[in-house]
Amino acid sequence: MEELRRSYSRLCKEGGAEPQEAVLQQLHQLPRGRLDLATQSLTVDTCRALGKLLQKETLLTELVLSDCMLSEEGAALLLQGLCANAVVRLLDLKGNNLRAAGAEALGRLLRQNKCIQNLTLEWNNLGAWEDAFATFCGALAVNSALRQLDLRNNQISHKGAEGLALALKSNASLQQLDLRWNNVGLLGGRALVNCLPSNRTLWRLELAGNSIPSDVLRAAERAMDHSQERQAAQQENQARTHTLSKEVRCLREEKSKQFLGLMETIDKQREEMARSSRASAARMGQLQEALNERHSIINALKAKLQMAEAALALSEQKARDLGELLATTEQELRGLAQRQAKEHRLEQQEAAERESKLFRDLSAANEKNLLLQNQVVGLERKVKSQQEQLFLARQELTDTSAELKMRAVQAEERLELEKKRSRQSLEDSERLRLKEVEHMTRHLEESERAMQERVQRLEASRLSLEEELSQAKAAALGERSQAEEELIKAKSQVRMEEQRLAHLEEKLRLLAQARDEAQSTCLQQKQSVADAQARAGQLSLQVEGLQRRLEELHQELSNKDQEKVAEVARVRVELQEQNGRLQAELTALEALKEKAAALERQLKVIASDHREALLDRESENASLREKLRLKEAEIARIRDEEAQRAVFLQNAVLAYVQGSPLRALSPKK
């Protein structure tokens, strides 16, 4: 630790600056490789010295620089030093107000550094500059070491979220991502949810406080649950493979021990055979017993061969069962694809029916608008006729004063009645329009709710299908691993049988050598008998009998040897045939695997088509809402125009009545 302090002080002096006491104190303590400089105000010179120190430092594994009020230049110098570091695992830059230059420096760090696994960037402004944040996202896409990333409160917009989604599609190491309290919005949330199927490592994604709808959040949670289950399954598979490898090693050790024991027994048997061959001259009377023993050995070998054949038959039966299981899984996958296609067609039909209903409703609204326009034209005609009547009344007023008084009173009454009628008709038409607009809005809201419910049901069905597909994949993988293990066991048994056959052939060769030695001894005995004939003629008959007996034994031995050779050849042919069948079954299994992969690709294509169709439906709904809004605006404009016309008419009538010369002469009512 003292060496770190000295190197830091030396670097500060080389840069022409004084070392900070707080940094020296933390370097002196340094608990378990953790340098905590939180809430310490670090100058640019200090950041430069620390950056140079971190390039060659091998003791620090955690670096905490939260709330240090780092400048853009200081942060760039520190991150530049960390680019060459190969020890630091945790980096905390919380609350340092990092902006465009900081985002670019972080991008260079993620591209060059291969050891940082935990990066905290909470309470910064990385998302406010889209270009700089795009470089950060590009570096994240190629990084292969980062496991946890905290981006809370960084003003990340929907474009920044789309950049993160593209990075997550290529990233293969990030496991936890925190995006709470940003400005991701609906578009950013959808982009992140759409990228989750392409990412196989991310299992924790926090999106709270981003103005994202609840259905998108639920989709993200379901995707995270699915990834957590997948990671747990992978860990379980790794544990199982580890245990299986241990068991295989144990079995191999046991087999090697058994093989060594067999070799020892074979060596002992060879020694015994050598002793028996050396003492064959004295043990001619015991040849029959040796032959009986060899018969028992041959019977045991036959029983072992039968057991091997039974084991091979069992392996063939298991392979056939696995083929049947694969065929059933293929049928189930085909059924699932057909059901999904049917549901897709039904959804298209329902969407077409809804579109036709909406078009019919729009045409009805247009017809009602035309009727209202006709009514307005009729009212204008009435107003024109009333204006003409007023003009005639004005001409008549100039003729006679008395008649003008009476007619003025009558004209005023008529005008009031006409005003009441026009107001009543306008109010009635406005009520009808309001009712129709409310009816249309209610109908559109109901249709929109129905569409949303349908989309949610479709999303739930899609997720259930994906879960069933993953379960089927896991089952197929488990069955495939079992089949491969059984095939490996069968191959090992075949190898053992081949080794046993090789040992048997070696024994047969030794027996043939013993037979040759016995023949040579027999010839020697014949010579001794021929020599003894001169000595004892009485023993000639016994010697001839012994010779005949020996010839019979030789014949039996030759017959047995021929039978053994024929049996060995037959066993070899059967083993070759069984190997050919097993290879054919392996090729069939590989073909089934390829078919399963093709079906998976088809399901992915169908899911993408379904997703695109849903997006098209959403865009069509948005266009229909925009059309409805335009129609409502047009209706409001027409209503305003009619109100303005009525006001103009009323003002004109009042101006005419007030401006008439007889208005002043008429008595007040």
# chains A, B, ... in the order shown; residues from 1 in each chain; ligands from 1

call {"tool": "residues_around", "arguments": {"residues": "A:Leu179", "least_positions_apart": "3", "cutoff": "7 Å", "atoms": "only C-alpha atoms", "output": "number ranges by chain"}}
result
A: 150-152, 182, 206-207

call {"tool": "write_last_selection", "arguments": {"atoms": "all heavy atoms", "output": "mmCIF file, in the first residue's frame"}}
result
data_model
loop_
_atom_site.group_PDB
_atom_site.id
_atom_site.type_symbol
_atom_site.label_atom_id
_atom_site.label_comp_id
_atom_site.auth_asym_id
_atom_site.auth_seq_id
_atom_site.Cartn_x
_atom_site.Cartn_y
_atom_site.Cartn_z
ATOM 1 N N ASP A 150 -25.704 -0.471 -14.762
ATOM 2 C CA ASP A 150 -26.695 0.365 -14.095
ATOM 3 C C ASP A 150 -26.748 1.710 -14.825
ATOM 4 O O ASP A 150 -25.787 2.477 -14.796
ATOM 5 C CB ASP A 150 -26.314 0.558 -12.622
ATOM 6 C CG ASP A 150 -27.434 1.211 -11.821
ATOM 7 O OD1 ASP A 150 -28.418 1.671 -12.451
ATOM 8 O OD2 ASP A 150 -27.332 1.272 -10.586
ATOM 9 N N LEU A 151 -27.905 2.015 -15.489
ATOM 10 C CA LEU A 151 -28.093 3.263 -16.236
ATOM 11 C C LEU A 151 -29.306 4.031 -15.710
ATOM 12 O O LEU A 151 -30.038 4.656 -16.478
ATOM 13 C CB LEU A 151 -28.263 2.964 -17.728
ATOM 14 C CG LEU A 151 -27.026 2.451 -18.474
ATOM 15 C CD1 LEU A 151 -27.378 2.043 -19.875
ATOM 16 C CD2 LEU A 151 -25.944 3.512 -18.499
ATOM 17 N N ARG A 152 -29.547 4.023 -14.430
ATOM 18 C CA ARG A 152 -30.689 4.744 -13.862
ATOM 19 C C ARG A 152 -30.468 6.256 -13.940
ATOM 20 O O ARG A 152 -29.353 6.738 -13.778
ATOM 21 C CB ARG A 152 -30.902 4.329 -12.403
ATOM 22 C CG ARG A 152 -31.431 2.920 -12.235
ATOM 23 C CD ARG A 152 -31.575 2.563 -10.774
ATOM 24 N NE ARG A 152 -30.273 2.364 -10.159
ATOM 25 C CZ ARG A 152 -30.086 2.099 -8.874
ATOM 26 N NH1 ARG A 152 -31.128 2.029 -8.064
ATOM 27 N NH2 ARG A 152 -28.880 1.921 -8.396
ATOM 28 N N ASN A 182 -35.896 6.742 -16.510
ATOM 29 C CA ASN A 182 -35.435 7.402 -17.726
ATOM 30 C C ASN A 182 -36.660 7.821 -18.550
ATOM 31 O O ASN A 182 -37.792 7.827 -18.036
ATOM 32 C CB ASN A 182 -34.523 6.473 -18.533
ATOM 33 C CG ASN A 182 -33.147 6.359 -17.901
ATOM 34 O OD1 ASN A 182 -32.401 7.324 -17.849
ATOM 35 N ND2 ASN A 182 -32.805 5.178 -17.403
ATOM 36 N N GLU A 206 -34.769 -3.988 -15.552
ATOM 37 C CA GLU A 206 -35.605 -3.098 -14.763
ATOM 38 C C GLU A 206 -36.007 -1.905 -15.634
ATOM 39 O O GLU A 206 -35.152 -1.196 -16.164
ATOM 40 C CB GLU A 206 -34.854 -2.599 -13.526
ATOM 41 C CG GLU A 206 -34.443 -3.698 -12.554
ATOM 42 C CD GLU A 206 -35.638 -4.309 -11.844
ATOM 43 O OE1 GLU A 206 -36.714 -3.675 -11.839
ATOM 44 O OE2 GLU A 206 -35.507 -5.412 -11.311
ATOM 45 N N LEU A 207 -37.361 -1.669 -15.780
ATOM 46 C CA LEU A 207 -37.863 -0.601 -16.643
ATOM 47 C C LEU A 207 -38.867 0.297 -15.932
ATOM 48 O O LEU A 207 -39.659 0.983 -16.583
ATOM 49 C CB LEU A 207 -38.526 -1.204 -17.894
ATOM 50 C CG LEU A 207 -37.613 -1.967 -18.857
ATOM 51 C CD1 LEU A 207 -38.426 -2.645 -19.932
ATOM 52 C CD2 LEU A 207 -36.600 -1.025 -19.481
#

call {"tool": "residues_around", "arguments": {"residues": "A:Met451", "least_positions_apart": "5", "cutoff": "12 Å", "atoms": "only C-alpha atoms", "output": "JSON, numbers by chain"}}
result
{"A": [347, 350, 351, 354, 355, 444, 445, 446, 456, 457, 458, 614, 617, 618, 620, 621]}

call {"tool": "select_by_dssp", "arguments": {"residues": "stretch 54-195 of chain A", "states": "alpha helix (DSSP H)", "output": "PyMOL selection string"}}
result
chain A and resi 54-56+72-83+100-112+130-142+158-170+185-195

call {"tool": "write_last_selection", "arguments": {"atoms": "C-alpha atoms", "output": "mmCIF file, in the first residue's frame"}}
result
data_model
loop_
_atom_site.group_PDB
_atom_site.id
_atom_site.type_symbol
_atom_site.label_atom_id
_atom_site.label_comp_id
_atom_site.auth_asym_id
_atom_site.auth_seq_id
_atom_site.Cartn_x
_atom_site.Cartn_y
_atom_site.Cartn_z
ATOM 1 C CA LEU A 54 -4.291 2.294 -13.011
ATOM 2 C CA GLN A 55 -2.568 1.341 -16.276
ATOM 3 C CA LYS A 56 -0.002 -0.818 -14.435
ATOM 4 C CA GLU A 72 -15.157 15.874 -18.762
ATOM 5 C CA GLU A 73 -11.350 15.957 -19.074
ATOM 6 C CA GLY A 74 -10.777 14.201 -15.736
ATOM 7 C CA ALA A 75 -13.258 11.429 -16.528
ATOM 8 C CA ALA A 76 -11.661 10.909 -19.972
ATOM 9 C CA LEU A 77 -8.167 10.626 -18.387
ATOM 10 C CA LEU A 78 -9.351 8.112 -15.762
ATOM 11 C CA LEU A 79 -11.182 5.971 -18.328
ATOM 12 C CA GLN A 80 -8.193 6.109 -20.674
ATOM 13 C CA GLY A 81 -6.037 4.655 -17.909
ATOM 14 C CA LEU A 82 -8.597 1.905 -17.246
ATOM 15 C CA CYS A 83 -8.532 0.850 -20.924
ATOM 16 C CA ALA A 100 -21.110 13.523 -24.470
ATOM 17 C CA ALA A 101 -17.342 13.260 -23.910
ATOM 18 C CA GLY A 102 -17.901 10.894 -20.982
ATOM 19 C CA ALA A 103 -20.140 8.655 -23.123
ATOM 20 C CA GLU A 104 -17.487 8.475 -25.854
ATOM 21 C CA ALA A 105 -14.769 7.670 -23.296
ATOM 22 C CA LEU A 106 -16.961 4.937 -21.815
ATOM 23 C CA GLY A 107 -17.440 3.530 -25.339
ATOM 24 C CA ARG A 108 -13.661 3.319 -25.809
ATOM 25 C CA LEU A 109 -13.370 1.671 -22.391
ATOM 26 C CA LEU A 110 -15.950 -1.008 -23.251
ATOM 27 C CA ARG A 111 -14.230 -1.717 -26.570
ATOM 28 C CA GLN A 112 -10.707 -2.086 -25.127
ATOM 29 C CA GLU A 130 -27.849 10.789 -28.922
ATOM 30 C CA ASP A 131 -24.699 10.473 -31.082
ATOM 31 C CA ALA A 132 -22.393 9.958 -28.111
ATOM 32 C CA PHE A 133 -24.817 7.488 -26.542
ATOM 33 C CA ALA A 134 -24.974 5.640 -29.895
ATOM 34 C CA THR A 135 -21.178 5.139 -29.739
ATOM 35 C CA PHE A 136 -21.591 3.842 -26.173
ATOM 36 C CA CYS A 137 -24.242 1.355 -27.376
ATOM 37 C CA GLY A 138 -22.014 0.208 -30.266
ATOM 38 C CA ALA A 139 -19.182 -0.502 -27.827
ATOM 39 C CA LEU A 140 -21.595 -2.390 -25.538
ATOM 40 C CA ALA A 141 -22.593 -4.607 -28.492
ATOM 41 C CA VAL A 142 -19.016 -5.866 -28.973
ATOM 42 C CA HIS A 158 -36.706 6.142 -26.973
ATOM 43 C CA LYS A 159 -33.881 6.488 -29.543
ATOM 44 C CA GLY A 160 -31.309 5.628 -26.889
ATOM 45 C CA ALA A 161 -33.438 2.624 -25.902
ATOM 46 C CA GLU A 162 -33.509 1.509 -29.549
ATOM 47 C CA GLY A 163 -29.693 1.746 -29.637
ATOM 48 C CA LEU A 164 -29.524 -0.358 -26.462
ATOM 49 C CA ALA A 165 -31.880 -2.894 -28.048
ATOM 50 C CA LEU A 166 -29.578 -3.235 -31.066
ATOM 51 C CA ALA A 167 -26.609 -3.653 -28.712
ATOM 52 C CA LEU A 168 -28.416 -6.344 -26.705
ATOM 53 C CA LYS A 169 -29.059 -8.323 -29.896
ATOM 54 C CA SER A 170 -25.294 -8.658 -30.440
ATOM 55 C CA GLY A 185 -41.468 5.595 -23.438
ATOM 56 C CA LEU A 186 -43.648 3.237 -25.476
ATOM 57 C CA LEU A 187 -41.394 2.992 -28.558
ATOM 58 C CA GLY A 188 -38.265 2.337 -26.536
ATOM 59 C CA GLY A 189 -40.041 -0.246 -24.388
ATOM 60 C CA ARG A 190 -41.276 -2.087 -27.479
ATOM 61 C CA ALA A 191 -37.796 -2.047 -29.015
ATOM 62 C CA LEU A 192 -36.299 -3.508 -25.822
ATOM 63 C CA VAL A 193 -39.006 -6.189 -25.587
ATOM 64 C CA ASN A 194 -38.515 -7.118 -29.270
ATOM 65 C CA CYS A 195 -34.758 -7.582 -28.807
#

call {"tool": "residues_around", "arguments": {"residues": "stretch 581-596 of chain A", "least_positions_apart": "4", "cutoff": "12 Å", "atoms": "only C-alpha atoms", "output": "number ranges by chain"}}
result
A: 312-313, 315-334, 469, 472-473, 476-477, 479-481, 483-484, 486-488, 490-491, 494, 574-577, 600-603

call {"tool": "atom_distance", "arguments": {"atom1": "atom CA of A:Ala22", "atom2": "atom CA of A:Ser41"}}
result
9.3 Å

call {"tool": "atom_distance", "arguments": {"atom1": "atom CA of A:Arg462", "atom2": "atom CA of A:Glu448"}}
result
20.7 Å

call {"tool": "residues_around", "arguments": {"residues": "A:Ile297", "least_positions_apart": "5", "cutoff": "12 Å", "atoms": "only C-alpha atoms", "output": "ChimeraX atom specification"}}
result
/A:290-292,302-304,504,507-508,564

call {"tool": "closest_residue", "arguments": {"among": "A:Ala220, A:Cys12, A:Ala613, A:Val383", "to": "A:Thr46", "atoms": "only C-alpha atoms"}}
result
A:Cys12
